[in-house]
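**Q** Have a look at this one before I ask anything.
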Amino acid sequence: MRSIILSTTAKLLGPLLLACSVLVLLRGHDAPGGGFVGGLLAAAGLTLRAISEGVPAARRAVRIEPHLLLGAGLAAALSSGLPALFAGQPFLTGRWLRVTAPLAGEIKLSTVLLFDVGVYMVVLGTVLLMVFTFSEE
Amino acid sequence: MIEILVSFLLFSGGVFTLLAGVGLVRMPDLYMRMQTTTKATTLGVGCLALAVAVGVGGAGAWVRAVAIIVFLYVTAPVAAHAIARAAYFVGTGRWKGTVIDQMQGRYDEKTHELRGAGPGGA
Amino acid sequence: MNVVIALPAMLAFFLWELVLANLKMARDVLMPLGRLRPAVVAVPLDLKTDWQITLLSILITLTPGTLSLDVSTDRKVLFIHAMHVTDAEEFRRQIKSGFERRVRRLAP
Amino acid sequence: MNIAADGLAAKSAGIVLVMLAVAMLLAVVRLVKGPSLPDRVVALDLVITVSVGIMAAYALMVGDVAIMDVGIVVALVAFLGTVAFAGYLERGGRR
Amino acid sequence: MTALMAVVVGALYAGAIYMMTRRSMVKLIIGLALLSHAANVLIFTAAGLKRGAAPLVPPGGALPAETTADPLPQALILTAIVISFSVLAFALALLHRTFKVSAAEDIDQIRSTEQ
Amino acid sequence: MKLILTLPLVIPLATAALCLLAWRFRSVQRMLGIAGAFALLAAGAALLHAVLRDGVVATQAGGWPAPFGITLVADLFSAVMVLVTGLIAAPVAVYSSANVDKRRESFGYHPLFHVLLLGVCGSFLTGDVFNLYVWFEVMLIASFVLIALGGERGQIEGALKYVTLNLMASAVFLAAAGLLYRTAGTLNMADLAVRLRTQTEPGLAGALAMLFLVAFGTKAAIFPLFFWLPASYHTPPVAVSALFAGLLTKVGVYALIRVFTLIFVHDTPFTHNLILALSGLTMITGVLGAMVQNDFRRILSFHIISQIGYMIMGLALFTPVAVAASVFYIVHHIIVKTNLFLISGITERLGGSHALKRLGGFYDSRPVLGLLFLVPALSLAGIPPLSGFFAKLSLVRAGLQVGSYAIVAAALAVSLLTLFSMAKIWAEVFWKPAPEGREQAAAPPGAARGMAALWLPVVALALLTLYLGLFPEHFYRVCERAAGQLLEPAAYIEAVLGARR
Amino acid sequence: MNLAAAVMSGFAVAFLAPVVHRAARAYSGWLLALFPAGLTLYLAGLAPAVWRGEALIAAHEWAPSMGLSLSFRLDGLSLLFSLMITGTGAVVLAYAGGYLAGHPRLGRFYTSLVFFMASMLGLVLADNLILLFIFWELTSISSYLLIGFDSEREKARQSALQALLVTGGGGLALLAGVVLMAQAGGSFEISGLAGAAALIQSHALYLPIASLILIGAFTKSAQVPFHFWLPAAMEAPAPVSAYLHAATMVKAGVYLLARLSPVLGGTDFWYVTVTTAGAATMLSGAVMAYHKSDLKQLLAYSTVSVLGILTFLAGLGTGYAAAAMAVLLVAHCLYKGALFLTAGTVDHETGTRDIERLGGLRRAMPLTAAAAALAAVSMAGLPPLFGFVSKEMLYEAGLRAPLHAAALTAVLVVTAMLLFAVAGAAGFRPFYGGSPSTPRHPHEGPPSLWLGPLLLAGGGLLLGLAPALMENAVRYAVLAAAPGQPVPLKLSLFHGLNTALLLSAASVLGGLVLYGARARLIRFGPARALGRWGPARGYEAALAGLNRFAAAQTRVLQSGHLRYYLLTVVGTAVALTGFALIRGGALPRQPVFGDVRWHEVSLVVVILASILTAVRTESRLTAVVALGVVGVGIAALFALFGAPDLAMTQVAVETLTVILLVLVLYHLPDFSKFTPRVGRQRDAIVAIAAGSLMTGLVLAAAAAPHSTGVAAYYLENSYPLAQGRNVVNVILTDFRALDTLGEITVAAVAGIGVFALLRLRPPGDKP
Ligand code: NA
Ligand code: NA
């Protein structure tokens with residue numbers, strides 16, 4: 001839809017949604033949210049872009065092909081389960097690393113977060129793939 | 001005191017939202033319905049969000065309340081704009097009491113361009 | 001004018017208008033419909049950037065009995081639906097001296 | 001600072017919740033009556049907005065701001081549906 | 001409230017099944033969408049409704065509030081939502097293709113594989 | 001244990017993920033696909049070996065104790081099923097390389113294939129009802145895409161029915177799982193077994209059992225829930241048909257056997273007699289459906305239904321011999337039916353059609369193919385000494401032991417009609433002279449491409465059928481032990497819940 | 001070498017046969033005949049031991065868990081049969097090499113034939129019942145492949161199928177009978193059942209067991225009314241007819257009767273059923289043979305008749321009968337084998353098998369004529385051929401029948417008269433008299449074509465002249481088939497002037513008369529009617545009826561209409577679950593409303609009204625909007641009942657769904673009402689029933705006692721152990737991460753699916 005109002009708003013909301021999505025992803029373990037909603041929010045941002053500026057513009061904004069996002073997401077989620085396996089624990093057992101970073105305070109790096117990142121990527125990839133494909137019909 | 005302020009905000013929000021509902025049912029054409037809903041809900045939800053911020057207090061509540069208000073204030077007009085525009089294309093009727101319509105006939109049916117200058121223009 | 005002054009000024013004006021608008025709206029919703037004078041008015045724009053135009057249209061939508069419908073493709077005209085229009089010219093003047101002026105100051 | 005779960009504000013919230021729910025019902029009346037598709041979309045829009053209000057009032061009632069997070073997400077993404085409908089109508093899609 | 005929710009569940013299922021048994025292609029989609037809602041609300045209701053507190057551990061504490069909702073059904077429903085959304089999206093694409101290849105909007109016409 | 005139970009999931013998922021990452025590189029995907037399938041086969045063999053050695057094995061995914069986390073558990077039945085999955089996956093992967101065209105390969109055939117395997121293996125290994133739902137869905141969505149991949153009219157129209165009916169079944173499954181959680185307070189199947197056994201009042205459990213019966217029964221394609229299968233199985237490329245024919249319905253059968261031996265055993269006079277009646281009707285309606293078909297793959301499709309009846313007949317009779325017979329029958333059927341579909345692909349490649357009336361003359365032009373057809377075809381009809389005979393014999397013995405004469409009579413009559421169908425295919429495709437004008441069509445361009453990849457899997461599966469027929473004892477013993485574990489699930493429960501009890 | 005190896009070697013040779021054929025070409029028949037010849041010698045070498053009363057046993061494990069062992073047992077009965085099988089096998093293989101010389105499928109023909117021979121040998125040697133059944137089925141399969149050998153002809157394919165279905169069906173009955181018998185008698189070994197005869201015969205299931213086994217035997221041995229497949233099987237090449245459908249396979253049923261009569265026989269049921277079937281078969285077979293003019297048909301019906309006689313003898317159960325059976329088996333094998341082969345040669349050389357069009361062939365093919373004449377004389381029961389010995393013993397057995405001896409003997413005599421006439425028609429008619437012109441000009445074929453028939457027919461002469469050669473073989477066969485019965489006779493051509501001899505003379509006279517009057521009698525024979533209304537028509541009608549029923553059933557069930565499928569599935573679910581719900585008494589008497597808040601009620605109303613709108617509207621977009629309201633309403637409920645994660649996800653997903661729906665609907669047709677009113681009402685009833693059921697289930701679940709579940713564990717351990725405050729998310733990413741792993745796989749595949757469906761189109765499809 002060609003509209004100045006829409007496309008200008010999209011320029012504001014797109015990055016905002018992406019930022020929110022990362023926030024939701026990272027906070028998901030402690031507050032409502034998580035990889036799935038995060039991925040959906042990110043996808044919503046890009047969907048908005050696709051609606052206001054057309055799919056090619058949205059594709060340019062994503063840079064990566066959605067298929068690769070799917071593969072990478074699945075690989076990330078899967079590989080989050082493997083360290084435990086090598087350590088003799090059951091598949092998908094969580095392994096944690098606490099890092100104190102400036103600004104963000106204490107960050108819990110963990111296989112669980114990696115798992116959620118995988119979820120995020122897959123959801124983003126699949127929704128984008130769907131929206132782009134349907135839009136381009 | 002805070003309880004009273006919160007209650008006041010709450011009731012304001014509730015009343016405005018309810019009015020939006022009434023307006024939506026009562027108003028005679030699409031555009032007038034949109035007028036009532038957009039306006040009333042923005043203030044309605046705004047009051048309610050503020051009520052939470054004041055009532056619950058703390059950074060968490062305030063950040064969330066402000067976020068809701070800002071997001072809603074940005075997105076609601078865009079949605080209204082999109083719908084209004086679309087309604088023009090599908091020819092949704094205007095109320096017979098509409099006195100002036102300076103947008104009539106300015107949309108190009110093919111390109112969807114909206115002419116700024118021309119007959120009836122400013 | 002400085003943004004530091006313009007922004008709060010605009011916000012204050014907007015909030016005031018908002019409350020006013022909603023009170024008017026409450027009246028409109030509850031009173032007989034015959035009092036309403038809805039109209040779609042073309043308002044010529046002096047704003048240049050997309051950001052300004054968008055901001056203006058959002059503010060207009062959020063406030064009294066007015067609703068931004070669309071901006072002409074050449075960005076020169078904003079079409080506004082309003083609930084009480086007796087004189088289109090008067091309405092245009094109100095918009096231009098109200099929100100448009102403030103928005104222009106915000107981001108020249 | 002916090003409000004008591006059984007204080008005035010919480011009670012008000014309870015009443016306001018009913019008002020909001022009634023507003024939602026009114027929106028559904030418009031949904032059912034139509035007559036045009038844009039009218040119905042506007043009704044959906046109102047339902048969405050009112051649901052944000054409900055979440056806020058409820059958050060206040062139970063004193064749990066986590067519910068507000070839902071409102072944020074709603075406020076952020078729900079308008080996309082409306083925009084999509086608009087785009088559909090603009091493209092000349094059939095009702 | 002459970003009884004009312006049970007009615008919602010029933011209405012969702014009935015609506016879904018009625019729409020799925022129409023011959024009009026698009027109604028099938030609506031039916032499928034209702035169907036996924038139905039299952040979710042059913043699980044949610046059957047698990048026991050508890051007003052208020054979400055299963056969150058408040059900052060500083062190690063345990064959630066005394067009476068929180070059962071988190072497990074919520075997790076199950078979340079998973080189910082994602083799955084049914086995915087499947088619904090696929091079904092949409094499939095219907096789209098069906099209409100394109102068989103040019104029939106009446107599902108009863110779609111029998112080429114069984115004749 | 002941890003590794004060996006996890007590999008059947010990790011291997012296909014990793015293969016699928018890597019294939020997605022190699023989206024643009026078809027040949028890389030193809031090699032990954034074949035390698036993954038063989039790796040799965042190896043993992044299945046290792047798993048069965050471990051279970052034969054150590055008894056029921058279990059691991060708690062995420063390291064959370066049962067019943068709070070998700071348990072992966074393999075008794076002999078599960079292990080056998082996983083191994084058979086590998087045994088089917090490997091040949092079909094090889095066959096695919098010559099049967100599936102480039103277009104489909106470019107649009108994700110290989111990752112989909114492995115996701116399907118993931119869903120199948122997950123279903124066999126999970127010890128959790130809801131997780132079973134998830135793996136079912138994984139399998140289903142992959143099958144949805146695979147069946148429609150290519151976009152031909154038949155595929156799409158078949159897929160519409162396949163998808164809709166399976167979604168209905170999934171909805172029933174999901175509802176049943178949710179209600180079961182409410183009733184028993186747990187989703188872990190071993191825990192459910194314990195809790196439902198100690199529950200004094202069956203009440204809701206009986207109704208839930210019926211929901212599960214409908215959900216799994218639809219997936220298994222029993223009477224009167226099988227409609228999706230004949231509507232769709234003959235539409236995709238043969239490799240896909242073969243994979244589906246071998247594996248998909250059997251996951252439904254697996255689930256039926258699992259829940260109706262482990263969880264819903266409180267009212268067997270009702271539930272299992274109901275299943276018995278359904279099994280008879282499934283056999284009969286399926287075989288009668290096959291009688292009137294005139295298309296190679298559609299005949300085979302209807303026979304799948306018919307044979308599902310045999311598989312659940314063993315479950316319904318609910319004796320050690322009967323359940324062992326069911327397990328034997330399932331494995332036999334998977335190998336044989338897959339092979340028949342693969343053969344139909346070869347005759348299609350050479351004869352240009354699946355329609356019986358357009359085929360013919362292969363007895364003279366491809367006598368070895370004739371022999372290769374006879375092995376699975378006669379096995380399917382229960383002709384000795386092939387695998388199907390021992391499957392049938394065991395079921396007959398089991399039925400006669402408990403005096404279920406009607407079902408035995410049905411089973412025997414249906415096996416005669418199966419023989420009739422196989423003879424019909426034989427007569428039409430092999431004996432009958434090639435139809436006029438086939439000579440030109442006989443060698444479509446590129447027909448010779450990768451013929452070895454088509455033949456080798458067929459030979460391998462035929463040898464497997466012969467092996468199971470000529471040396472049935474060893475495998476039958478395994479089935480007997482599997483049946484023992486199924487009917488006396490103490491070991492299963494112990495392995496899952498451990499010392500907690 | 002032991003018995004198992006002897007049998008198994010046959011299968012190996014069968015699959016080597018094409019190789020041998022490719023190497024030896026013209027001599028392949030001779031070369032392959034060496035194998036059965038060798039087996040004959042091997043078995044003959046075992047004869048002395050058997051005749052000393054030893055039973056030779058070779059037992060190996062096969063599948064003990066299923067009652068199957070690879071156990072073989074050679075006693076007098078088996079020996080008799082196996083010598084026939086291997087001996088005739090050698091002759092037939094040699095003959096086939098000449099008869100089918102140059103045929104492109106000769107290699108595979110050998111395979112089937114040798115495969116059959118091995119199976120047949122296994123059948124008569126098997127001691128294990130399952131093993132016996134396995135070989136039984138294998139003979140059916142090889143028979144199928146051999147009947148359909150000329151597969152270009154549809155008739156051949158149909159006949160093959162018919163034989164397969166009839167014998168296969170009988171086989172299944174046999175399987176059931178055998179398993180039941182083993183369960184009743186406690187053993188799968190025939191030798192093990194010998195002592196259990198009383199147990200089995202007093203078993204409650206004796207009648208079913210005996211009936212099932214008899215069905216198996218009767219179908220295989222072509223007893224009326226299952227005989228029709230055998231004449232149809234004459235589609236097979238002559239060597240097959242001679243070998244399978246005269247000399248050996250069809251005798252498998254008789255073998256089974258003889259083998260099991262110590263276990264099952266001796267009861268009234270057995271006696272009456274078997275002798276009646278035998279008598280009916282011998283008579284009707286003979287009548288039908290008499291009416292045929294096609295050489296092979298005539299021989300086939302005469303075989304049916306002889307099979308009837310053999311069955312009859314097996315049913316009598318006396319030592320006399322067993323001895324007569326053994327002698328007739330051998331005699332028939334020799335003369336009928338020879339006659340089929342000469343018939344084949346005649347067909348091969350002249351191009352016709354119609355005896356009306358044949359004559360005077362003895363001039364062109366003297367050796368064949370000689371063989372045919374010898375065989376015919378034996379068949380006619382004239383001295384000094386073995387057939388005469390056989391007939392004498394037959395009458396003797398008939399006269400000594402325990403019941404109705406006179407009537408039964410009369411049937412035997414009539415049959416013999418008819419067979420006398422048939423023998424004349426088959427063995428003399430084509431070779432004597434004038435020489436009408438035939439499609440091909442006949443001359444004597446290569447040795448392979450005449451040597452075999454001559455050997456068989458000569459065997460009949462040799463045994464007729466020196467019947468004592470057979471004495472041991474017959475005695476020990478009788479000992480096996482009728483243990484404990486006296487074996488009273490010595491085999492000789494002349495037993496003195498007794499009743500049997502008089503009957504013999506009478507039957508020769510009668511036979512001569514019938515032969516002379518044949519041309520006149522066949523015109524109004526009852527056989528035509530039997531051909532038109534006989535069981536063959538029954539078979540066809542049954543098959544056609546079954547086909548029609550199958551088609552109708554499939555049309556109804558697999559109608560192609562998705563909505564009927566859905567209604568059936570839903571209806572089944574509702575019926576079963578509803579029944580179980582009521583049966584279990586889980587439905588609460590009163591719904592539990594608990595405390596209800598007004599805003600919740602409003603939300604519920606919002607949802608219900610939207611569902612109704614979605615269902616009732618005639619605008620699809622309105623339905624989508626209504627769907628959106630339903631989704632948002634549910635999300636609000638989730639939020640109100642402590643599930644913010646759910647609410648959040650629900651709204652996001654709902655929005656996305658709406659977007660996708662809107663994108664796709666653009667390309668899809670409008671809502672339409674296709675279903676007429678009645679159909680709509682029916683669907684509505686089913687839908688409402690399903691909805692009510694689900695409501696009921698939820699209410700029942702809510703009323704059920706809440707068991708302490710696993711929920712507390714998650715709440716308690718989420719933060720301490722899994723380091724997450726959002727318990728739901730911790731479940732998703734940690735406690736039950738495996739679910740989520742599967743779930744994202746579903747999502748990923750769905751994305752690919754959408755992409756592939758919309759982008760990958762069949763070649764030539766327009767975008
Ligand atoms: Na999730
Ligand atoms: Na974990």
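Residue numbering restarts at 1 for every chain of the structure tokens, chains are lettered A, B, ... in their displayed order, and ligands are numbered from 1 as they appear.
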Produce as a PyMOL selection string the set of residues near ligand 2, where near means within 8 Å with only C-alpha atoms and all ligand atoms considered.

**A** (chain A and resi 81+91-95+111-112) or (chain F and resi 61-63) or (chain G and resi 733-737)

**Q** Around ligand 1, which protein and nucleic acid residues have at least one atom no more than 12 Å from it, if we count only C-alpha atoms and all ligand atoms? List them as number ranges by chain.

**A** A: 25, 28-29, 32-40, 115-120, 122-123; E: 74-85; F: 134; G: 645-646, 648-650, 653, 728-734, 736-747

**Q** Mind writing the picked residues with C-alpha atoms as a CSV table (one decimal), in the first residue's frame?

**A**
chain,number,residue,atom,x,y,z
A,25,LEU,CA,13.7,-12.7,23.5
A,28,GLY,CA,11.8,-14.2,28.0
A,29,HIS,CA,13.2,-16.5,30.6
A,32,PRO,CA,6.4,-12.9,29.6
A,33,GLY,CA,7.9,-13.4,26.2
A,34,GLY,CA,10.6,-15.5,24.8
A,35,GLY,CA,11.9,-16.7,21.5
A,36,PHE,CA,8.6,-17.3,19.9
A,37,VAL,CA,6.9,-14.0,20.6
A,38,GLY,CA,10.2,-12.3,19.9
A,39,GLY,CA,10.4,-13.9,16.5
A,40,LEU,CA,6.9,-12.9,15.8
A,115,PHE,CA,17.8,-22.6,22.3
A,116,ASP,CA,15.5,-19.7,22.5
A,117,VAL,CA,17.6,-17.8,19.9
A,118,GLY,CA,17.1,-20.8,17.7
A,119,VAL,CA,13.3,-20.6,18.3
A,120,TYR,CA,13.5,-16.9,17.5
A,122,VAL,CA,13.0,-20.2,13.0
A,123,VAL,CA,9.9,-18.2,13.8
E,74,GLN,CA,0.0,-22.9,29.3
E,75,ALA,CA,3.2,-24.3,27.8
E,76,LEU,CA,1.3,-27.0,26.1
E,77,ILE,CA,-1.1,-24.5,24.6
E,78,LEU,CA,1.8,-22.3,23.5
E,79,THR,CA,3.3,-25.2,21.6
E,80,ALA,CA,-0.1,-26.1,20.2
E,81,ILE,CA,-0.7,-22.5,19.1
E,82,VAL,CA,2.6,-22.4,17.1
E,83,ILE,CA,1.9,-25.8,15.6
E,84,SER,CA,-1.7,-25.0,14.6
E,85,PHE,CA,-0.6,-21.6,13.2
F,134,VAL,CA,4.4,-32.9,18.8
G,645,ASP,CA,2.5,-15.5,27.7
G,646,LEU,CA,-0.4,-17.2,26.1
G,648,MET,CA,0.7,-12.4,24.0
G,649,THR,CA,1.4,-15.2,21.6
G,650,GLN,CA,-2.3,-15.6,20.8
G,653,VAL,CA,-0.4,-15.2,16.0
G,728,VAL,CA,6.1,-21.1,31.3
G,729,ASN,CA,9.1,-20.1,29.3
G,730,VAL,CA,11.3,-22.3,31.4
G,731,ILE,CA,9.0,-25.2,30.6
G,732,LEU,CA,9.2,-24.4,26.9
G,733,THR,CA,13.0,-24.0,26.8
G,734,ASP,CA,14.2,-26.3,29.4
G,736,ARG,CA,10.1,-29.6,28.0
G,737,ALA,CA,12.5,-28.2,25.5
G,738,LEU,CA,12.0,-31.3,23.3
G,739,ASP,CA,8.4,-30.2,22.7
G,740,THR,CA,9.6,-26.9,21.5
G,741,LEU,CA,12.3,-28.4,19.3
G,742,GLY,CA,9.6,-30.3,17.6
G,743,GLU,CA,7.4,-27.3,17.4
G,744,ILE,CA,9.9,-25.1,15.7
G,745,THR,CA,10.6,-27.9,13.3
G,746,VAL,CA,6.9,-27.9,12.4
G,747,ALA,CA,7.1,-24.1,12.0

**Q** Distance cut-off 6 Å, counting only C-alpha atoms - which residues of chain F neighbour chain G? Return them as a list in words.

**A**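 Residues satisfying the distance criterion: Gly69, Ile70, Phe107, Asn131, Val134, Val138, Val145, Gly150, Gly151, Glu152, Gly185, Thr186, Gly203, Leu204, Gly206, Ala207, Met210, Val214, Leu225, Leu288, Gly289, Val292, Pro384, Trp431, Lys432, Pro433 and Glu473 of chain F.
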
**Q** Export, as a compact mmCIF listing (two decimals), in the first residue's frame, the selected residues with N, CA, C and O atoms.

**A**
# COMPACT_ATOMS: atom_id res chain seq x y z
N GLY F 69 10.17 -33.85 33.25
CA GLY F 69 10.72 -33.56 31.92
C GLY F 69 10.07 -34.47 30.91
O GLY F 69 9.02 -35.06 31.14
N ILE F 70 10.73 -34.58 29.79
CA ILE F 70 10.24 -35.50 28.76
C ILE F 70 11.19 -36.68 28.72
O ILE F 70 12.40 -36.52 28.59
N PHE F 107 13.26 -27.63 -3.88
CA PHE F 107 12.28 -27.03 -2.98
C PHE F 107 12.16 -27.80 -1.67
O PHE F 107 11.09 -27.87 -1.08
N ASN F 131 4.35 -34.89 24.07
CA ASN F 131 5.48 -34.92 23.17
C ASN F 131 5.17 -35.81 21.96
O ASN F 131 5.59 -35.52 20.83
N VAL F 134 3.46 -33.73 19.59
CA VAL F 134 4.38 -32.86 18.84
C VAL F 134 5.06 -33.65 17.72
O VAL F 134 5.13 -33.20 16.57
N VAL F 138 5.09 -33.06 13.75
CA VAL F 138 6.31 -32.93 12.94
C VAL F 138 6.21 -33.85 11.73
O VAL F 138 6.44 -33.44 10.58
N VAL F 145 3.69 -31.50 3.31
CA VAL F 145 4.46 -30.81 2.27
C VAL F 145 4.93 -31.82 1.23
O VAL F 145 4.87 -31.57 0.03
N GLY F 150 5.47 -30.40 -5.56
CA GLY F 150 5.43 -30.65 -6.99
C GLY F 150 4.21 -30.00 -7.61
O GLY F 150 4.21 -29.61 -8.77
N GLY F 151 3.17 -29.90 -6.79
CA GLY F 151 2.03 -29.08 -7.19
C GLY F 151 1.18 -29.63 -8.30
O GLY F 151 0.40 -28.89 -8.90
N GLU F 152 1.30 -30.92 -8.61
CA GLU F 152 0.43 -31.44 -9.65
C GLU F 152 -0.99 -31.57 -9.12
O GLU F 152 -1.22 -31.70 -7.93
N GLY F 185 -3.16 -35.64 35.93
CA GLY F 185 -2.15 -34.75 36.49
C GLY F 185 -0.75 -35.00 35.98
O GLY F 185 0.22 -34.53 36.55
N THR F 186 -0.64 -35.73 34.90
CA THR F 186 0.69 -36.00 34.35
C THR F 186 0.57 -36.29 32.87
O THR F 186 -0.52 -36.61 32.37
N GLY F 203 -14.44 -43.65 35.02
CA GLY F 203 -15.08 -42.39 34.66
C GLY F 203 -14.65 -41.86 33.31
O GLY F 203 -14.92 -42.44 32.27
N LEU F 204 -13.92 -40.76 33.39
CA LEU F 204 -13.55 -40.04 32.19
C LEU F 204 -12.56 -40.84 31.33
O LEU F 204 -12.52 -40.67 30.11
N GLY F 206 -12.49 -43.73 30.25
CA GLY F 206 -13.09 -44.49 29.15
C GLY F 206 -13.35 -43.61 27.95
O GLY F 206 -13.06 -43.98 26.80
N ALA F 207 -13.87 -42.42 28.21
CA ALA F 207 -14.14 -41.50 27.12
C ALA F 207 -12.84 -41.05 26.45
O ALA F 207 -12.75 -40.93 25.22
N MET F 210 -11.53 -43.47 24.07
CA MET F 210 -12.20 -43.40 22.76
C MET F 210 -11.63 -42.27 21.91
O MET F 210 -11.45 -42.41 20.71
N VAL F 214 -9.94 -42.70 18.29
CA VAL F 214 -10.30 -41.99 17.05
C VAL F 214 -9.08 -41.26 16.48
O VAL F 214 -8.82 -41.32 15.27
N LEU F 225 -12.23 -44.56 9.45
CA LEU F 225 -11.51 -43.27 9.53
C LEU F 225 -10.42 -43.18 8.47
O LEU F 225 -9.55 -42.33 8.56
N LEU F 288 -11.67 -55.00 -0.02
CA LEU F 288 -12.70 -54.83 -1.05
C LEU F 288 -12.44 -53.56 -1.86
O LEU F 288 -12.66 -53.53 -3.07
N GLY F 289 -11.97 -52.55 -1.17
CA GLY F 289 -11.61 -51.34 -1.89
C GLY F 289 -10.53 -51.61 -2.92
O GLY F 289 -10.58 -51.11 -4.04
N VAL F 292 -11.46 -53.25 -6.52
CA VAL F 292 -12.06 -52.53 -7.64
C VAL F 292 -11.11 -51.49 -8.23
O VAL F 292 -11.51 -50.74 -9.11
N PRO F 384 3.65 -68.73 2.17
CA PRO F 384 4.88 -69.19 2.80
C PRO F 384 5.96 -69.49 1.76
O PRO F 384 5.61 -69.75 0.61
N TRP F 431 2.35 -60.46 -16.82
CA TRP F 431 1.96 -61.48 -17.78
C TRP F 431 1.39 -60.90 -19.07
O TRP F 431 1.76 -61.27 -20.16
N LYS F 432 0.42 -60.01 -18.88
CA LYS F 432 -0.27 -59.47 -20.04
C LYS F 432 0.72 -58.86 -21.02
O LYS F 432 1.68 -58.23 -20.61
N PRO F 433 0.49 -59.05 -22.34
CA PRO F 433 1.41 -58.43 -23.29
C PRO F 433 1.37 -56.91 -23.16
O PRO F 433 0.35 -56.34 -22.77
N GLU F 473 12.69 -67.15 13.06
CA GLU F 473 12.69 -67.46 14.48
C GLU F 473 13.32 -66.36 15.33
O GLU F 473 12.73 -65.91 16.32

**Q** Near range 72-76 of chain B, within 10 Å and counting only C-alpha atoms, which residues show up once chain neighbours fewer than 2 positions away are dropped, as a ChimeraX atom specification?

**A** /A:6,9-10,12-13 /B:37-39,41-43,45-46,66-70,78-82 /C:54-55,58-59,61-62 /D:45-46,49,52,71-72,74-80,82-83

**Q** Going by DSSP on the backbone, which residues of chain B come out as helix (DSSP H, G or I)? List them as a PyMOL selection string.

**A** chain B and resi 2-26+30-56+58-90

**Q** So how far away is CA of Leu187 in chain F from CA of Asp70 in chain E, in Å?

**A**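 Rounded to one decimal, the two atoms are 13.7 Å apart.
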
**Q** Using only C-alpha atoms for the distances, tell me which of E:Thr21, E:Pro59, E:Ile29, E:Ile107 is nearest to chain B.

**A**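 When distances to chain B are compared using only C-alpha atoms, the smallest one comes from E:Pro59.
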
**Q** Go through E:Leu95, E:Val26, E:Ala33, E:Ala47 one by one, measure the shortest atom-to-atom distance of each to Ala69 in chain E using only C-alpha atoms, and give the residue with the smallest value.

**A**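 Under the stated criterion, the closest residue is E:Ala47.
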
**Q** For Ala42 in chain C, list every protein, DNA or RNA residue within 12 Å, evaluated using only C-alpha atoms, and leave out those in the same chain fewer than 6 positions away; present the list as an MDAnalysis selection string.

**A** (chainID B and resid 100:104 106 114:122) or (chainID C and resid 67:72 75:82 88:93 95:96)

**Q** Per residue of range 65-171 of chain F within 12 Å of range 52-67 of chain A, which atom pair is closest and at what distance in Å (one decimal), using only C-alpha atoms, listed by chain and increasing number, as CSV?

**A**
residue,atom,partner,partner_atom,distance
F:Ser106,CA,A:His67,CA,11.8
F:Phe107,CA,A:His67,CA,10.3
F:Gly108,CA,A:His67,CA,9.7
F:Pro111,CA,A:His67,CA,11.2

**Q** With a distance cut-off of 9 Å and only C-alpha atoms, select the neighbouring residues of Met365 in chain G, excluding the residue or stretch itself and same-chain residues fewer than 4 positions from it, and output the selection as an MDAnalysis selection string.

**A** chainID G and resid 346 361 369:370 431 442:445 450
